[in-house]
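Shown below: protein.pdb, with PDB, C-alpha atoms.
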```pdb
ATOM      1  CA  MET A  23      -3.605  -1.433 -25.481  1.00  0.00           C
ATOM      2  CA  ALA A  24      -0.636  -0.827 -23.186  1.00  0.00           C
ATOM      3  CA  GLN A  25       1.947  -3.260 -21.840  1.00  0.00           C
ATOM      4  CA  LEU A  26       3.139  -4.169 -18.372  1.00  0.00           C
ATOM      5  CA  MET A  27       6.576  -5.780 -18.097  1.00  0.00           C
ATOM      6  CA  ILE A  28       7.580  -7.194 -14.721  1.00  0.00           C
ATOM      7  CA  ILE A  29      11.258  -7.988 -14.310  1.00  0.00           C
ATOM      8  CA  SER A  30      13.687  -9.715 -12.024  1.00  0.00           C
ATOM      9  CA  GLU A  31      17.153  -8.208 -11.950  1.00  0.00           C
ATOM     10  CA  THR A  32      20.671  -9.544 -12.105  1.00  0.00           C
ATOM     11  CA  GLY A  33      22.785  -9.350  -8.944  1.00  0.00           C
ATOM     12  CA  MET A  34      20.792  -8.477  -5.831  1.00  0.00           C
ATOM     13  CA  PHE A  35      17.283  -9.960  -6.005  1.00  0.00           C
ATOM     14  CA  HIS A  36      14.960  -7.191  -7.173  1.00  0.00           C
ATOM     15  CA  SER A  37      11.679  -6.776  -9.010  1.00  0.00           C
ATOM     16  CA  ALA A  38      10.411  -3.727 -10.893  1.00  0.00           C
ATOM     17  CA  CYS A  39       7.802  -2.830 -13.519  1.00  0.00           C
ATOM     18  CA  ARG A  40       7.942  -1.126 -16.893  1.00  0.00           C
ATOM     19  CA  PHE A  41       4.737   0.519 -18.127  1.00  0.00           C
ATOM     20  CA  THR A  42       4.536   1.073 -21.881  1.00  0.00           C
ATOM     21  CA  PHE A  43       1.738   3.461 -22.769  1.00  0.00           C
ATOM     22  CA  SER A  44       0.780   4.795 -26.206  1.00  0.00           C
ATOM     23  CA  ASN A  45       2.938   7.888 -25.682  1.00  0.00           C
ATOM     24  CA  SER A  46       5.461   7.045 -22.956  1.00  0.00           C
ATOM     25  CA  VAL A  47       7.443   4.459 -21.009  1.00  0.00           C
ATOM     26  CA  VAL A  48       7.550   4.634 -17.211  1.00  0.00           C
ATOM     27  CA  TRP A  49       9.487   2.500 -14.739  1.00  0.00           C
ATOM     28  CA  ALA A  50       8.470   1.962 -11.109  1.00  0.00           C
ATOM     29  CA  GLY A  51       9.565  -0.248  -8.260  1.00  0.00           C
ATOM     30  CA  PHE A  52       9.927  -0.154  -4.496  1.00  0.00           C
ATOM     31  CA  LYS A  53      13.229  -0.340  -2.661  1.00  0.00           C
ATOM     32  CA  PRO A  54      14.784   0.564   0.681  1.00  0.00           C
ATOM     33  CA  LYS A  55      16.010   4.140   0.970  1.00  0.00           C
ATOM     34  CA  GLN A  56      19.207   2.799   2.526  1.00  0.00           C
ATOM     35  CA  HIS A  57      20.902   0.419   0.080  1.00  0.00           C
ATOM     36  CA  ARG A  58      20.457  -3.286   1.009  1.00  0.00           C
ATOM     37  CA  ALA A  59      18.611  -2.555   4.252  1.00  0.00           C
ATOM     38  CA  PRO A  60      16.053  -5.309   5.018  1.00  0.00           C
ATOM     39  CA  ALA A  61      13.757  -2.848   6.804  1.00  0.00           C
ATOM     40  CA  GLY A  62      13.336   0.897   7.072  1.00  0.00           C
ATOM     41  CA  ALA A  63      12.199   3.823   4.993  1.00  0.00           C
ATOM     42  CA  GLY A  64      11.266   2.866   1.447  1.00  0.00           C
ATOM     43  CA  ILE A  65      11.140   4.806  -1.805  1.00  0.00           C
ATOM     44  CA  VAL A  66       9.350   4.374  -5.118  1.00  0.00           C
ATOM     45  CA  ASP A  67      12.169   4.147  -7.656  1.00  0.00           C
ATOM     46  CA  THR A  68      11.445   5.369 -11.189  1.00  0.00           C
ATOM     47  CA  SER A  69      14.881   4.747 -12.694  1.00  0.00           C
ATOM     48  CA  ASP A  70      15.210   2.820 -15.962  1.00  0.00           C
ATOM     49  CA  ARG A  71      16.107  -0.777 -15.046  1.00  0.00           C
ATOM     50  CA  THR A  72      16.649  -2.030 -18.618  1.00  0.00           C
ATOM     51  CA  ALA A  73      20.367  -2.677 -18.140  1.00  0.00           C
ATOM     52  CA  PHE A  74      19.661  -4.932 -15.142  1.00  0.00           C
ATOM     53  CA  ILE A  75      16.956  -7.218 -16.588  1.00  0.00           C
ATOM     54  CA  ASN A  76      17.661 -10.877 -15.917  1.00  0.00           C
ATOM     55  CA  HIS A  77      14.175 -12.280 -16.592  1.00  0.00           C
ATOM     56  CA  GLN A  78      10.951 -10.618 -17.700  1.00  0.00           C
ATOM     57  CA  ILE A  79       7.324 -11.272 -18.477  1.00  0.00           C
ATOM     58  CA  THR A  80       5.110  -8.906 -20.470  1.00  0.00           C
ATOM     59  CA  PHE A  81       1.333  -8.582 -20.509  1.00  0.00           C
ATOM     60  CA  ASP A  82      -1.082  -6.610 -22.690  1.00  0.00           C
ATOM     61  CA  VAL A  83      -3.242  -4.465 -20.423  1.00  0.00           C
ATOM     62  CA  ASP A  84      -5.930  -1.875 -21.066  1.00  0.00           C
ATOM     63  CA  GLU A  85      -4.181   1.511 -20.942  1.00  0.00           C
ATOM     64  CA  GLY A  86      -6.644   3.121 -18.531  1.00  0.00           C
ATOM     65  CA  ARG A  87      -6.465   0.168 -16.188  1.00  0.00           C
ATOM     66  CA  LEU A  88      -2.647   0.184 -16.299  1.00  0.00           C
ATOM     67  CA  ARG A  89      -2.483   3.923 -15.579  1.00  0.00           C
ATOM     68  CA  GLY A  90      -4.884   3.434 -12.682  1.00  0.00           C
ATOM     69  CA  ALA A  91      -2.773   0.603 -11.249  1.00  0.00           C
ATOM     70  CA  LEU A  92       0.379   2.733 -11.462  1.00  0.00           C
ATOM     71  CA  THR A  93      -1.310   5.671  -9.716  1.00  0.00           C
ATOM     72  CA  THR A  94      -2.986   3.593  -6.996  1.00  0.00           C
ATOM     73  CA  VAL A  95       0.046   1.490  -6.089  1.00  0.00           C
ATOM     74  CA  THR A  96       2.545   4.362  -6.295  1.00  0.00           C
ATOM     75  CA  ARG A  97       0.384   6.372  -3.874  1.00  0.00           C
ATOM     76  CA  ALA A  98       0.140   3.412  -1.492  1.00  0.00           C
ATOM     77  CA  TYR A  99       3.922   2.872  -1.460  1.00  0.00           C
ATOM     78  CA  THR A 100       5.077   6.499  -1.400  1.00  0.00           C
ATOM     79  CA  GLY A 101       6.460   7.093   2.087  1.00  0.00           C
ATOM     80  CA  ALA A 102       5.841   3.466   3.120  1.00  0.00           C
ATOM     81  CA  THR A 103       8.199   1.412   5.248  1.00  0.00           C
ATOM     82  CA  TYR A 104      10.179  -1.214   3.343  1.00  0.00           C
ATOM     83  CA  VAL A 105      10.148  -4.621   5.055  1.00  0.00           C
ATOM     84  CA  LEU A 106      11.744  -7.544   3.219  1.00  0.00           C
ATOM     85  CA  SER A 107       9.194 -10.311   2.504  1.00  0.00           C
ATOM     86  CA  VAL A 108       6.335  -8.144   3.784  1.00  0.00           C
ATOM     87  CA  LYS A 109       6.238  -4.853   1.850  1.00  0.00           C
ATOM     88  CA  ASP A 110       9.072  -4.964  -0.651  1.00  0.00           C
ATOM     89  CA  CYS A 111       9.846  -4.902  -4.376  1.00  0.00           C
ATOM     90  CA  VAL A 112       7.907  -8.111  -5.073  1.00  0.00           C
ATOM     91  CA  SER A 113       4.831  -6.961  -3.164  1.00  0.00           C
ATOM     92  CA  PHE A 114       4.945  -3.708  -5.192  1.00  0.00           C
ATOM     93  CA  SER A 115       5.045  -5.663  -8.471  1.00  0.00           C
ATOM     94  CA  ALA A 116       2.326  -8.017  -7.191  1.00  0.00           C
ATOM     95  CA  ASP A 117       0.081  -5.088  -6.262  1.00  0.00           C
ATOM     96  CA  ILE A 118       0.577  -3.599  -9.738  1.00  0.00           C
ATOM     97  CA  ALA A 119      -0.294  -6.947 -11.349  1.00  0.00           C
ATOM     98  CA  ARG A 120      -3.292  -7.450  -9.046  1.00  0.00           C
ATOM     99  CA  ASN A 121      -4.607  -3.965  -9.869  1.00  0.00           C
ATOM    100  CA  THR A 122      -4.456  -4.724 -13.602  1.00  0.00           C
ATOM    101  CA  GLY A 123      -6.567  -7.855 -13.126  1.00  0.00           C
ATOM    102  CA  LEU A 124      -3.834 -10.503 -13.313  1.00  0.00           C
ATOM    103  CA  ALA A 125      -4.004 -13.601 -11.115  1.00  0.00           C
ATOM    104  CA  VAL A 126      -1.408 -13.146  -8.364  1.00  0.00           C
ATOM    105  CA  PRO A 127      -0.334 -15.432  -5.492  1.00  0.00           C
ATOM    106  CA  PRO A 128      -1.347 -14.279  -1.994  1.00  0.00           C
ATOM    107  CA  VAL A 129       2.167 -14.758  -0.572  1.00  0.00           C
ATOM    108  CA  ASN A 130       5.378 -12.868  -1.191  1.00  0.00           C
ATOM    109  CA  ILE A 131       8.092 -14.853  -2.983  1.00  0.00           C
ATOM    110  CA  THR A 132      11.343 -14.240  -4.858  1.00  0.00           C
ATOM    111  CA  PRO A 133      11.270 -11.990  -7.944  1.00  0.00           C
ATOM    112  CA  TYR A 134      11.970 -14.894 -10.329  1.00  0.00           C
ATOM    113  CA  GLY A 135       9.489 -17.182  -8.546  1.00  0.00           C
ATOM    114  CA  PHE A 136       6.869 -14.466  -8.904  1.00  0.00           C
ATOM    115  CA  LEU A 137       7.462 -14.300 -12.678  1.00  0.00           C
ATOM    116  CA  GLU A 138       7.174 -18.076 -12.970  1.00  0.00           C
ATOM    117  CA  ILE A 139       3.814 -18.122 -11.168  1.00  0.00           C
ATOM    118  CA  LEU A 140       2.524 -15.228 -13.275  1.00  0.00           C
ATOM    119  CA  ALA A 141       3.449 -17.193 -16.415  1.00  0.00           C
ATOM    120  CA  VAL A 142       1.459 -20.234 -15.297  1.00  0.00           C
ATOM    121  CA  TRP A 143      -1.570 -18.335 -14.012  1.00  0.00           C
ATOM    122  CA  ASN A 144      -1.941 -15.692 -16.746  1.00  0.00           C
ATOM    123  CA  LYS A 145      -1.804 -15.207 -20.519  1.00  0.00           C
ATOM    124  CA  TYR A 146       1.356 -13.287 -21.411  1.00  0.00           C
ATOM    125  CA  VAL A 147       2.868 -11.693 -24.537  1.00  0.00           C
ATOM    126  CA  SER A 148       6.522 -12.606 -23.955  1.00  0.00           C
ATOM    127  CA  LYS A 149       8.718 -14.209 -21.313  1.00  0.00           C
ATOM    128  CA  SER A 150      12.458 -14.664 -20.976  1.00  0.00           C
TER     129      SER A 150
END
```

Target encoding structure tokens, full file:
Amino acid sequence: MAQLMIISETGMFHSACRFTFSNSVVWAGFKPKQHRAPAGAGIVDTSDRTAFINHQITFDVDEGRLRGALTTVTRAYTGATYVLSVKDCVSFSADIARNTGLAVPPVNITPYGFLEILAVWNKYVSKS
């Protein structure tokens, strides 16, 4: 069993995911290439976001399913255009969650609001 942690960050609203596999930890999120740009070229960010965690929720997920979600969503977002509230950090996290089988809202919301809905709609391991 692997774990998916979805976070909201301190400071600028942002969401990202930490994937804990049996032999590794991987971070992934989606952000604008140009800092704080509401639209434009986007990049998949794999930097460790631990120092920026404000709130988090963690789920146990089958390792194969979690690896598949990471691969599928990363491919879909690589080279994609970042558009705030359309294809952004929360939609990336939502697509990861959806691809692991979690219940996810159909609309894009704030990072913290997304965590709160996930907590109500799904069984989780930890939340803070």

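Going from CA of Ser113 (chain A) to CA of Ala50 (chain A) covers 12.5 Å.
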
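From CA of His57 (chain A) back to CA of Gln78 (chain A), the distance works out to 23.2 Å.
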
message: Applying the PyMOL selection byres ((chain A and resi 89-100) around 12) to the file I just gave you, which residues come out? Please list them as a PyMOL selection string.
response: chain A and resi 23-26+38-44+46-55+63-68+83-88+101-105+109-111+113-124

- request: Would you kindly translate the PyMOL selection byres ((chain A and resi 140) around 9) into the concrete residues it picks from this file, as a VMD selection string?
  value: chain A and resid 79 119 124 to 127 135 to 139 141 to 146

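Counting all atoms listed in the file and comparing A:Ile29, A:Ile131, A:Leu106, A:Val112, the residue that lies closest to Ala73 (chain A) is A:Ile29.
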
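Between CA of Ser30 (chain A) and CA of Phe81 (chain A) there is a distance of 15.0 Å.
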
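In this comparison, which uses all atoms listed in the file, the residue of A:Pro133, A:Val108, A:Ser150, A:Met27 approaching Gly62 (chain A) most closely is A:Val108.
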